[in-house]
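Novice: Below are the structure tokens for one structure; questions will follow.
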Amino acid sequence: MKPFAYVRATSVEQAADAFAAAPGARYLAGGTNLVDLMKLGVERPGTLIDVSGLPLDTVTELPDGSLRAGATVRNSDLAAHPAVRERYPVLSQALLSGASGQLRNAATTGGNLLQRTRCPYFQDVGKPCNKREPGSGCGARDGVHRDHAVLGHSAQCIATHPSDMAVALAALDARVELYGPEGARSVPVTGFHRLPGEHPDRDTDIRPGELITAVVLPAAAAGLPSAYRKARDRASYAFALASAAAVLRITDGVISHVALALGAVAHRPWRARGAEQALLGVAPTQDAFEEAVGRELAAAEPLRDNAHKVALAHDVAVDVLRGLAAPAPDAAV
């Protein structure tokens, strides 16, 4: 076991200062991913800075009608929050489809965004992995890659991002609030996670020492019909093979707003901009959904053993869009 120092932060500012003073430090909140990686030897921090006691555990409504979820709000609490369930059901559904009840009681909003890939080559220090050890190679490319990326991957890495919550946040155009050595800033969720390119070891665009302080759900998406669907090997406690989060508004018989994000198909939640563009202003028909999602997935580059993910992602995305377009049972004349 590698020894490490432990600091319990009492403020966001103190946490950032402690991080800057300790090379190789990591922030610790719920620990549901970091502690597992430490046990595997993937993460070997010299210092753990515990931020679980910081006052970042509340959900508050902002003056403009948006909703701010603090970074240490537990996944189970965020999923059950009345404002989230009523105004952003896609987020509640995504959270409840992830992990298990016990893990959701411990996992945090910020930690969920920062969780690392579950690629078995990344988690096994005896295997080559460019994400864990740049330049060592990608064992999954010629190895077992049934569950790996079909969009946006590179010669360096074909891992997928495991979060369900992040897919919903991408469809909602949420923003991530951060605090670090350079002060506070806010970035869109859709730009927070990176594609692998030549540097798969860089999961996000977070700057050294920055701490996620909150996620903001925009007022513009509040109350719009939204939903999340997830395909997986078993009914619970399993990562997605493909998933989709969608927000859809229909005005005068045509689609006036649509946001679609795909999960488990890329290194980050995949915002389906091409499909969205194809659907705006058209009638919400099965054919329209099939064509638009097919257009988006035409860019897919499946590998030897994961071509099934393209068809699966297509069907999941079409299903969630079709469900949102269907009239409510009490709307029938």
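Each chain in the structure tokens gets a letter, A, B, ..., in the order shown, and its residues are numbered from 1; ligands are numbered from 1 in order too.
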Can you pull out the residues contacting Glu43 in chain A? Cut-off 10 Å, using only C-alpha atoms, and skip same-chain residues under 4 positions away; I want them as a PDB file with all heavy atoms, in the first residue's frame.
Specialist:
ATOM      1  N   GLY A  24       0.526  15.813  -6.983  1.00  0.00           N
ATOM      2  CA  GLY A  24      -0.059  14.479  -7.012  1.00  0.00           C
ATOM      3  C   GLY A  24      -1.273  14.324  -6.135  1.00  0.00           C
ATOM      4  O   GLY A  24      -1.705  13.200  -5.851  1.00  0.00           O
ATOM      5  N   ARG A  26      -5.304  14.520  -4.939  1.00  0.00           N
ATOM      6  CA  ARG A  26      -6.609  14.252  -5.527  1.00  0.00           C
ATOM      7  C   ARG A  26      -7.682  14.724  -4.551  1.00  0.00           C
ATOM      8  O   ARG A  26      -7.540  14.614  -3.331  1.00  0.00           O
ATOM      9  CB  ARG A  26      -6.814  12.752  -5.797  1.00  0.00           C
ATOM     10  CG  ARG A  26      -5.926  12.180  -6.892  1.00  0.00           C
ATOM     11  CD  ARG A  26      -6.339  12.663  -8.268  1.00  0.00           C
ATOM     12  NE  ARG A  26      -5.583  11.992  -9.309  1.00  0.00           N
ATOM     13  CZ  ARG A  26      -4.402  12.401  -9.773  1.00  0.00           C
ATOM     14  NH1 ARG A  26      -3.836  13.499  -9.247  1.00  0.00           N
ATOM     15  NH2 ARG A  26      -3.781  11.741 -10.729  1.00  0.00           N
ATOM     16  N   LEU A  34     -12.705   6.866  -7.108  1.00  0.00           N
ATOM     17  CA  LEU A  34     -11.308   7.100  -6.743  1.00  0.00           C
ATOM     18  C   LEU A  34     -10.756   6.006  -5.827  1.00  0.00           C
ATOM     19  O   LEU A  34      -9.653   5.487  -6.048  1.00  0.00           O
ATOM     20  CB  LEU A  34     -11.163   8.463  -6.069  1.00  0.00           C
ATOM     21  CG  LEU A  34      -9.764   8.805  -5.539  1.00  0.00           C
ATOM     22  CD1 LEU A  34      -8.741   8.802  -6.660  1.00  0.00           C
ATOM     23  CD2 LEU A  34      -9.782  10.144  -4.817  1.00  0.00           C
ATOM     24  N   VAL A  35     -11.501   5.636  -4.803  1.00  0.00           N
ATOM     25  CA  VAL A  35     -11.012   4.633  -3.861  1.00  0.00           C
ATOM     26  C   VAL A  35     -10.844   3.284  -4.558  1.00  0.00           C
ATOM     27  O   VAL A  35      -9.860   2.560  -4.317  1.00  0.00           O
ATOM     28  CB  VAL A  35     -11.949   4.518  -2.643  1.00  0.00           C
ATOM     29  CG1 VAL A  35     -11.534   3.350  -1.751  1.00  0.00           C
ATOM     30  CG2 VAL A  35     -11.934   5.816  -1.842  1.00  0.00           C
ATOM     31  N   ASP A  36     -11.763   2.934  -5.451  1.00  0.00           N
ATOM     32  CA  ASP A  36     -11.615   1.692  -6.214  1.00  0.00           C
ATOM     33  C   ASP A  36     -10.329   1.714  -7.031  1.00  0.00           C
ATOM     34  O   ASP A  36      -9.592   0.720  -7.090  1.00  0.00           O
ATOM     35  CB  ASP A  36     -12.810   1.496  -7.149  1.00  0.00           C
ATOM     36  CG  ASP A  36     -14.050   0.998  -6.426  1.00  0.00           C
ATOM     37  OD1 ASP A  36     -13.927   0.580  -5.258  1.00  0.00           O
ATOM     38  OD2 ASP A  36     -15.143   1.034  -7.025  1.00  0.00           O
ATOM     39  N   LEU A  37     -10.044   2.843  -7.680  1.00  0.00           N
ATOM     40  CA  LEU A  37      -8.845   2.940  -8.510  1.00  0.00           C
ATOM     41  C   LEU A  37      -7.578   2.922  -7.668  1.00  0.00           C
ATOM     42  O   LEU A  37      -6.534   2.422  -8.104  1.00  0.00           O
ATOM     43  CB  LEU A  37      -8.904   4.203  -9.365  1.00  0.00           C
ATOM     44  CG  LEU A  37      -9.996   4.215 -10.440  1.00  0.00           C
ATOM     45  CD1 LEU A  37     -10.006   5.541 -11.189  1.00  0.00           C
ATOM     46  CD2 LEU A  37      -9.824   3.056 -11.416  1.00  0.00           C
ATOM     47  N   MET A  38      -7.667   3.445  -6.456  1.00  0.00           N
ATOM     48  CA  MET A  38      -6.517   3.352  -5.546  1.00  0.00           C
ATOM     49  C   MET A  38      -6.258   1.900  -5.155  1.00  0.00           C
ATOM     50  O   MET A  38      -5.109   1.452  -5.089  1.00  0.00           O
ATOM     51  CB  MET A  38      -6.767   4.206  -4.306  1.00  0.00           C
ATOM     52  CG  MET A  38      -6.719   5.707  -4.573  1.00  0.00           C
ATOM     53  SD  MET A  38      -7.180   6.707  -3.137  1.00  0.00           S
ATOM     54  CE  MET A  38      -5.836   6.334  -2.004  1.00  0.00           C
ATOM     55  N   LYS A  39      -7.308   1.150  -4.914  1.00  0.00           N
ATOM     56  CA  LYS A  39      -7.148  -0.258  -4.567  1.00  0.00           C
ATOM     57  C   LYS A  39      -6.508  -1.051  -5.713  1.00  0.00           C
ATOM     58  O   LYS A  39      -5.758  -2.006  -5.482  1.00  0.00           O
ATOM     59  CB  LYS A  39      -8.505  -0.868  -4.219  1.00  0.00           C
ATOM     60  CG  LYS A  39      -9.116  -0.344  -2.926  1.00  0.00           C
ATOM     61  CD  LYS A  39     -10.506  -0.937  -2.718  1.00  0.00           C
ATOM     62  CE  LYS A  39     -11.146  -0.425  -1.436  1.00  0.00           C
ATOM     63  NZ  LYS A  39     -12.532  -0.946  -1.265  1.00  0.00           N
ATOM     64  N   GLN A 123      -8.072  -0.385 -16.072  1.00  0.00           N
ATOM     65  CA  GLN A 123      -8.133  -0.770 -14.663  1.00  0.00           C
ATOM     66  C   GLN A 123      -7.119  -1.837 -14.281  1.00  0.00           C
ATOM     67  O   GLN A 123      -6.948  -2.124 -13.099  1.00  0.00           O
ATOM     68  CB  GLN A 123      -9.547  -1.257 -14.332  1.00  0.00           C
ATOM     69  CG  GLN A 123     -10.591  -0.155 -14.428  1.00  0.00           C
ATOM     70  CD  GLN A 123     -11.978  -0.631 -14.000  1.00  0.00           C
ATOM     71  OE1 GLN A 123     -12.377  -1.757 -14.283  1.00  0.00           O
ATOM     72  NE2 GLN A 123     -12.695   0.223 -13.303  1.00  0.00           N
ATOM     73  N   ARG A 132      -3.924   5.393 -19.003  1.00  0.00           N
ATOM     74  CA  ARG A 132      -3.261   5.239 -17.707  1.00  0.00           C
ATOM     75  C   ARG A 132      -1.775   5.544 -17.796  1.00  0.00           C
ATOM     76  O   ARG A 132      -1.193   6.157 -16.910  1.00  0.00           O
ATOM     77  CB  ARG A 132      -3.482   3.813 -17.197  1.00  0.00           C
ATOM     78  CG  ARG A 132      -3.024   3.576 -15.750  1.00  0.00           C
ATOM     79  CD  ARG A 132      -3.095   2.114 -15.372  1.00  0.00           C
ATOM     80  NE  ARG A 132      -2.137   1.303 -16.125  1.00  0.00           N
ATOM     81  CZ  ARG A 132      -2.467   0.434 -17.060  1.00  0.00           C
ATOM     82  NH1 ARG A 132      -3.724   0.210 -17.360  1.00  0.00           N
ATOM     83  NH2 ARG A 132      -1.527  -0.241 -17.718  1.00  0.00           N
TER      84      ARG A 132
END
Novice: When you look at range 46-57 of chain A with a cut-off of 8 Å (counting only C-alpha atoms), what residues show up, excluding the ones that are within fewer than 6 positions of it in the same chain? I need them as number ranges by chain.
Specialist: A: 3-12, 15, 18-19, 22-30, 69-74, 213-214
Novice: Can you write just those residues out, C-alpha atoms, as a compact mmCIF listing (two decimals), in the first residue's frame?
Specialist:
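Below is the file part.txt, written as the result:
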# COMPACT_ATOMS: atom_id res chain seq x y z
CA PRO A 3 1.00 5.85 2.07
CA PHE A 4 -0.76 9.16 1.51
CA ALA A 5 -1.52 12.32 3.44
CA TYR A 6 -5.08 13.36 4.27
CA VAL A 7 -6.46 16.90 4.44
CA ARG A 8 -10.05 17.69 5.38
CA ALA A 9 -10.91 20.95 3.61
CA THR A 10 -13.04 23.54 5.41
CA SER A 11 -13.59 25.86 2.44
CA VAL A 12 -13.36 25.79 -1.33
CA ALA A 15 -9.16 22.97 -0.77
CA ALA A 18 -4.06 22.49 -0.32
CA PHE A 19 -4.16 20.94 -3.77
CA ALA A 22 0.66 18.95 -2.70
CA PRO A 23 1.89 17.58 -6.06
CA GLY A 24 -0.06 14.48 -7.01
CA ALA A 25 -3.04 15.37 -4.83
CA ARG A 26 -6.61 14.25 -5.53
CA TYR A 27 -9.93 15.58 -4.29
CA LEU A 28 -12.06 13.05 -2.40
CA ALA A 29 -15.84 13.25 -1.98
CA GLY A 30 -17.93 10.07 -2.18
CA ALA A 69 -26.88 21.46 -7.78
CA GLY A 70 -23.86 21.61 -5.50
CA ALA A 71 -20.93 19.33 -6.26
CA THR A 72 -21.40 17.18 -3.15
CA VAL A 73 -25.14 16.61 -3.58
CA ARG A 74 -25.53 12.84 -3.51
CA THR A 213 -18.39 23.37 -7.13
CA ALA A 214 -21.78 22.97 -8.84
Novice: For Glu13 in chain A, which residue among A:Glu86, A:Asp164, A:Asp173, A:Glu210 is the nearest when counting only C-alpha atoms?
Specialist: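 Nearest to Glu13 in chain A: A:Glu210.
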Novice: Just to confirm, what's the straight-line distance from CA of Leu113 in chain A to CA of His267 in chain A in Å (one decimal)?
Specialist: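 Taking CA of Leu113 in chain A as the start and CA of His267 in chain A as the end point, the length is 12.6 Å.
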Novice: Hey, what does DSSP flag as alpha helix (DSSP H) within range 55-281 of chain A? Can you give it to me as number ranges by chain?
Specialist: A: 75-80, 82-87, 89-96, 101-104, 109-114, 120-123, 139-142, 165-171, 273-279
Novice: Please save C-alpha atoms of the selected residues as a PDB file, in the first residue's frame.
Specialist:
ATOM      1  CA  ASN A  75     -26.847  11.186  -6.650  1.00  0.00           C
ATOM      2  CA  SER A  76     -29.834   9.708  -4.823  1.00  0.00           C
ATOM      3  CA  ASP A  77     -30.775  13.109  -3.371  1.00  0.00           C
ATOM      4  CA  LEU A  78     -30.487  14.851  -6.724  1.00  0.00           C
ATOM      5  CA  ALA A  79     -32.618  12.203  -8.433  1.00  0.00           C
ATOM      6  CA  ALA A  80     -35.313  12.522  -5.767  1.00  0.00           C
ATOM      7  CA  PRO A  82     -38.900  17.552  -6.435  1.00  0.00           C
ATOM      8  CA  ALA A  83     -37.662  20.313  -8.756  1.00  0.00           C
ATOM      9  CA  VAL A  84     -35.458  17.883 -10.669  1.00  0.00           C
ATOM     10  CA  ARG A  85     -38.187  15.259 -10.993  1.00  0.00           C
ATOM     11  CA  GLU A  86     -40.747  17.817 -12.143  1.00  0.00           C
ATOM     12  CA  ARG A  87     -38.654  20.097 -14.368  1.00  0.00           C
ATOM     13  CA  PRO A  89     -37.078  14.291 -15.524  1.00  0.00           C
ATOM     14  CA  VAL A  90     -34.336  13.155 -17.911  1.00  0.00           C
ATOM     15  CA  LEU A  91     -31.768  13.833 -15.188  1.00  0.00           C
ATOM     16  CA  SER A  92     -33.686  11.987 -12.494  1.00  0.00           C
ATOM     17  CA  GLN A  93     -34.162   8.992 -14.794  1.00  0.00           C
ATOM     18  CA  ALA A  94     -30.486   8.928 -15.762  1.00  0.00           C
ATOM     19  CA  LEU A  95     -29.331   9.063 -12.156  1.00  0.00           C
ATOM     20  CA  LEU A  96     -31.669   6.280 -11.084  1.00  0.00           C
ATOM     21  CA  GLY A 101     -28.972   2.392  -4.458  1.00  0.00           C
ATOM     22  CA  GLN A 102     -26.055   2.063  -2.054  1.00  0.00           C
ATOM     23  CA  LEU A 103     -23.615   3.691  -4.473  1.00  0.00           C
ATOM     24  CA  ARG A 104     -26.050   6.469  -5.391  1.00  0.00           C
ATOM     25  CA  THR A 109     -22.585  15.255  -8.549  1.00  0.00           C
ATOM     26  CA  GLY A 110     -18.993  16.374  -9.095  1.00  0.00           C
ATOM     27  CA  GLY A 111     -17.560  12.905  -8.688  1.00  0.00           C
ATOM     28  CA  ASN A 112     -19.995  11.478 -11.209  1.00  0.00           C
ATOM     29  CA  LEU A 113     -18.714  13.896 -13.843  1.00  0.00           C
ATOM     30  CA  LEU A 114     -15.101  13.060 -13.024  1.00  0.00           C
ATOM     31  CA  PRO A 120     -10.660  -3.275 -18.177  1.00  0.00           C
ATOM     32  CA  TYR A 121      -7.324  -2.424 -19.784  1.00  0.00           C
ATOM     33  CA  PHE A 122      -7.305   0.919 -17.969  1.00  0.00           C
ATOM     34  CA  GLN A 123      -8.133  -0.770 -14.663  1.00  0.00           C
ATOM     35  CA  GLY A 139      -4.729  -3.077 -25.337  1.00  0.00           C
ATOM     36  CA  ALA A 140      -8.427  -2.878 -26.146  1.00  0.00           C
ATOM     37  CA  ARG A 141      -7.989  -2.051 -29.823  1.00  0.00           C
ATOM     38  CA  ASP A 142      -6.767  -5.548 -30.705  1.00  0.00           C
ATOM     39  CA  MET A 165     -25.852  11.554 -15.434  1.00  0.00           C
ATOM     40  CA  ALA A 166     -23.447  13.320 -17.811  1.00  0.00           C
ATOM     41  CA  VAL A 167     -25.473  12.208 -20.837  1.00  0.00           C
ATOM     42  CA  ALA A 168     -28.599  13.808 -19.407  1.00  0.00           C
ATOM     43  CA  LEU A 169     -26.699  16.976 -18.503  1.00  0.00           C
ATOM     44  CA  ALA A 170     -25.392  17.204 -22.068  1.00  0.00           C
ATOM     45  CA  ALA A 171     -28.929  17.078 -23.460  1.00  0.00           C
ATOM     46  CA  ARG A 273     -25.958  17.862 -33.416  1.00  0.00           C
ATOM     47  CA  GLY A 274     -26.503  16.413 -36.871  1.00  0.00           C
ATOM     48  CA  ALA A 275     -29.645  14.591 -35.804  1.00  0.00           C
ATOM     49  CA  GLU A 276     -30.933  17.701 -34.043  1.00  0.00           C
ATOM     50  CA  GLN A 277     -30.459  19.828 -37.133  1.00  0.00           C
ATOM     51  CA  ALA A 278     -32.278  17.284 -39.282  1.00  0.00           C
ATOM     52  CA  LEU A 279     -35.273  17.202 -36.930  1.00  0.00           C
TER      53      LEU A 279
END
Novice: In terms of the shortest atom-to-atom distance over only C-alpha atoms, which of A:Val125, A:Ala292, A:Ala266, A:Val254 is closest to Leu241 in chain A?
Specialist: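 So, comparing all the options, the nearest one is A:Ala266.
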Novice: Could you work out how far CA of Leu178 in chain A lies from CA of Thr108 in chain A, giving the answer in Å with one decimal?
Specialist: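 The value is 14.9 Å.
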Novice: For the structure I just gave you, how does DSSP split range 208-250 of chain A - specifically, which residues are strand (DSSP E)? Reply as JSON, numbers by chain.
Specialist: {"A": [211, 212, 213, 214, 215, 216, 217, 226, 227, 228, 229, 230, 231, 242, 243, 244, 245, 246, 247, 248, 249, 250]}
Novice: Any chance you can output those residues with N, CA, C and O atoms as an mmCIF file, in the first residue's frame?
Specialist:
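The resulting file, part-v3.cif, is reproduced below:
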data_model
loop_
_atom_site.group_PDB
_atom_site.id
_atom_site.type_symbol
_atom_site.label_atom_id
_atom_site.label_comp_id
_atom_site.auth_asym_id
_atom_site.auth_seq_id
_atom_site.Cartn_x
_atom_site.Cartn_y
_atom_site.Cartn_z
ATOM 1 N N LEU A 211 -11.598 22.551 -8.740
ATOM 2 C CA LEU A 211 -12.597 21.744 -8.046
ATOM 3 C C LEU A 211 -13.963 22.072 -8.619
ATOM 4 O O LEU A 211 -14.314 23.250 -8.787
ATOM 5 N N ILE A 212 -14.741 21.052 -8.965
ATOM 6 C CA ILE A 212 -16.126 21.295 -9.366
ATOM 7 C C ILE A 212 -16.899 21.748 -8.136
ATOM 8 O O ILE A 212 -16.851 21.086 -7.093
ATOM 9 N N THR A 213 -17.593 22.864 -8.256
ATOM 10 C CA THR A 213 -18.390 23.368 -7.129
ATOM 11 C C THR A 213 -19.877 23.183 -7.337
ATOM 12 O O THR A 213 -20.634 23.095 -6.362
ATOM 13 N N ALA A 214 -20.338 23.126 -8.584
ATOM 14 C CA ALA A 214 -21.776 22.969 -8.837
ATOM 15 C C ALA A 214 -22.020 22.638 -10.296
ATOM 16 O O ALA A 214 -21.144 22.801 -11.160
ATOM 17 N N VAL A 215 -23.231 22.188 -10.554
ATOM 18 C CA VAL A 215 -23.752 22.027 -11.913
ATOM 19 C C VAL A 215 -25.026 22.862 -11.996
ATOM 20 O O VAL A 215 -25.864 22.805 -11.083
ATOM 21 N N VAL A 216 -25.172 23.647 -13.061
ATOM 22 C CA VAL A 216 -26.335 24.508 -13.218
ATOM 23 C C VAL A 216 -27.210 23.986 -14.347
ATOM 24 O O VAL A 216 -26.741 23.810 -15.486
ATOM 25 N N LEU A 217 -28.473 23.732 -14.029
ATOM 26 C CA LEU A 217 -29.458 23.284 -15.006
ATOM 27 C C LEU A 217 -30.191 24.512 -15.514
ATOM 28 O O LEU A 217 -30.806 25.243 -14.731
ATOM 29 N N SER A 226 -38.758 15.470 -21.499
ATOM 30 C CA SER A 226 -37.413 14.909 -21.591
ATOM 31 C C SER A 226 -37.417 13.499 -21.025
ATOM 32 O O SER A 226 -38.245 13.158 -20.174
ATOM 33 N N ALA A 227 -36.479 12.674 -21.490
ATOM 34 C CA ALA A 227 -36.424 11.286 -21.023
ATOM 35 C C ALA A 227 -35.056 10.688 -21.304
ATOM 36 O O ALA A 227 -34.307 11.171 -22.166
ATOM 37 N N TYR A 228 -34.760 9.607 -20.579
ATOM 38 C CA TYR A 228 -33.501 8.876 -20.719
ATOM 39 C C TYR A 228 -33.805 7.402 -20.900
ATOM 40 O O TYR A 228 -34.675 6.838 -20.229
ATOM 41 N N ARG A 229 -33.087 6.772 -21.818
ATOM 42 C CA ARG A 229 -33.205 5.327 -22.036
ATOM 43 C C ARG A 229 -31.804 4.722 -22.010
ATOM 44 O O ARG A 229 -30.854 5.314 -22.500
ATOM 45 N N LYS A 230 -31.728 3.502 -21.491
ATOM 46 C CA LYS A 230 -30.427 2.840 -21.339
ATOM 47 C C LYS A 230 -30.555 1.361 -21.695
ATOM 48 O O LYS A 230 -31.417 0.662 -21.158
ATOM 49 N N ALA A 231 -29.699 0.910 -22.591
ATOM 50 C CA ALA A 231 -29.628 -0.515 -22.920
ATOM 51 C C ALA A 231 -28.396 -1.096 -22.254
ATOM 52 O O ALA A 231 -27.295 -0.539 -22.355
ATOM 53 N N ALA A 242 -25.472 1.218 -24.695
ATOM 54 C CA ALA A 242 -25.842 2.419 -25.432
ATOM 55 C C ALA A 242 -26.949 3.097 -24.643
ATOM 56 O O ALA A 242 -27.770 2.430 -24.005
ATOM 57 N N SER A 243 -26.976 4.412 -24.666
ATOM 58 C CA SER A 243 -28.034 5.137 -23.979
ATOM 59 C C SER A 243 -28.334 6.418 -24.742
ATOM 60 O O SER A 243 -27.555 6.839 -25.603
ATOM 61 N N ALA A 244 -29.464 7.034 -24.407
ATOM 62 C CA ALA A 244 -29.843 8.277 -25.067
ATOM 63 C C ALA A 244 -30.645 9.135 -24.108
ATOM 64 O O ALA A 244 -31.517 8.647 -23.387
ATOM 65 N N ALA A 245 -30.331 10.420 -24.119
ATOM 66 C CA ALA A 245 -31.092 11.422 -23.378
ATOM 67 C C ALA A 245 -31.622 12.425 -24.389
ATOM 68 O O ALA A 245 -30.881 12.864 -25.275
ATOM 69 N N ALA A 246 -32.898 12.778 -24.264
ATOM 70 C CA ALA A 246 -33.490 13.690 -25.242
ATOM 71 C C ALA A 246 -34.409 14.691 -24.562
ATOM 72 O O ALA A 246 -35.049 14.397 -23.547
ATOM 73 N N VAL A 247 -34.443 15.890 -25.143
ATOM 74 C CA VAL A 247 -35.379 16.939 -24.766
ATOM 75 C C VAL A 247 -36.097 17.334 -26.046
ATOM 76 O O VAL A 247 -35.447 17.592 -27.068
ATOM 77 N N LEU A 248 -37.420 17.376 -26.009
ATOM 78 C CA LEU A 248 -38.187 17.582 -27.246
ATOM 79 C C LEU A 248 -39.383 18.494 -26.987
ATOM 80 O O LEU A 248 -40.127 18.296 -26.021
ATOM 81 N N ARG A 249 -39.538 19.496 -27.856
ATOM 82 C CA ARG A 249 -40.738 20.340 -27.802
ATOM 83 C C ARG A 249 -41.374 20.359 -29.180
ATOM 84 O O ARG A 249 -40.692 20.545 -30.191
ATOM 85 N N ILE A 250 -42.671 20.160 -29.221
ATOM 86 C CA ILE A 250 -43.430 20.160 -30.473
ATOM 87 C C ILE A 250 -44.387 21.337 -30.449
ATOM 88 O O ILE A 250 -45.161 21.504 -29.500
#
Novice: List as a compact mmCIF listing (two decimals) with N, CA, C and O atoms, in the first residue's frame the protein and nucleic acid residues near Tyr237 in chain A, meaning an atom at most 7 Å away when only C-alpha atoms are counted, but skip any in the same chain fewer than 3 places from it.
Specialist:
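Output (around-v3.txt):
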# COMPACT_ATOMS: atom_id res chain seq x y z
N GLY A 98 -28.27 4.49 -12.90
CA GLY A 98 -26.85 4.25 -12.69
C GLY A 98 -26.56 3.51 -11.40
O GLY A 98 -27.26 3.68 -10.39
N ALA A 99 -25.55 2.67 -11.43
CA ALA A 99 -25.00 2.00 -10.24
C ALA A 99 -26.08 1.25 -9.46
O ALA A 99 -26.94 0.59 -10.02
N SER A 100 -26.02 1.37 -8.11
CA SER A 100 -27.00 0.74 -7.22
C SER A 100 -27.44 1.78 -6.21
O SER A 100 -26.84 2.86 -6.09
Novice: Identify which of the residues A:Arg44, A:Arg118, A:Arg322, A:Arg234 lies closest to Ala264 in chain A, counting only C-alpha atoms when measuring atom-to-atom distances.
Specialist: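 Between A:Arg44, A:Arg118, A:Arg322, A:Arg234, the residue approaching Ala264 in chain A most closely is A:Arg118.
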Novice: Using only C-alpha atoms, which residues sit within 7 Å of range 149-160 of chain A once same-chain residues fewer than 2 positions away are excluded, as a ChimeraX atom specification?
Specialist: /A:117,119,130,137-138,141,162,195-198,200,264-268,300-302
Novice: Calculate how many Å separate CA of Thr204 in chain A from CA of Gln115 in chain A, rounding to one decimal.
Specialist: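 Computed distance, CA of Thr204 in chain A to CA of Gln115 in chain A, equals 10.4 Å.
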Novice: Excluding Pro218 in chain A and residues on its chain fewer than 3 positions from it, collect all residues at most 8 Å away from it, counting only C-alpha atoms, and give them as a PyMOL selection string.
Specialist: chain A and resi 65-67+172-175+221-222
Novice: Tell me, as a list of chain:residue names, which residues lie within 8 Å of Leu297 in chain A, counting only C-alpha atoms; anything in the same chain fewer than 4 positions away does not count.
Specialist: A:Val293, A:Val310, A:His314
Novice: Pick from A:Pro181, A:Gly263, A:Pro134, A:Pro188: nearest to Arg202 in chain A, with only C-alpha atoms counted?
Specialist: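 Nearest candidate to Arg202 in chain A out of A:Pro181, A:Gly263, A:Pro134, A:Pro188: A:Pro134.
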Novice: Of the candidates A:Ile255, A:Ala298, A:Ala240, A:Ala21, which one gets nearest to Pro269 in chain A if we count only C-alpha atoms?
Specialist: A:Ala240
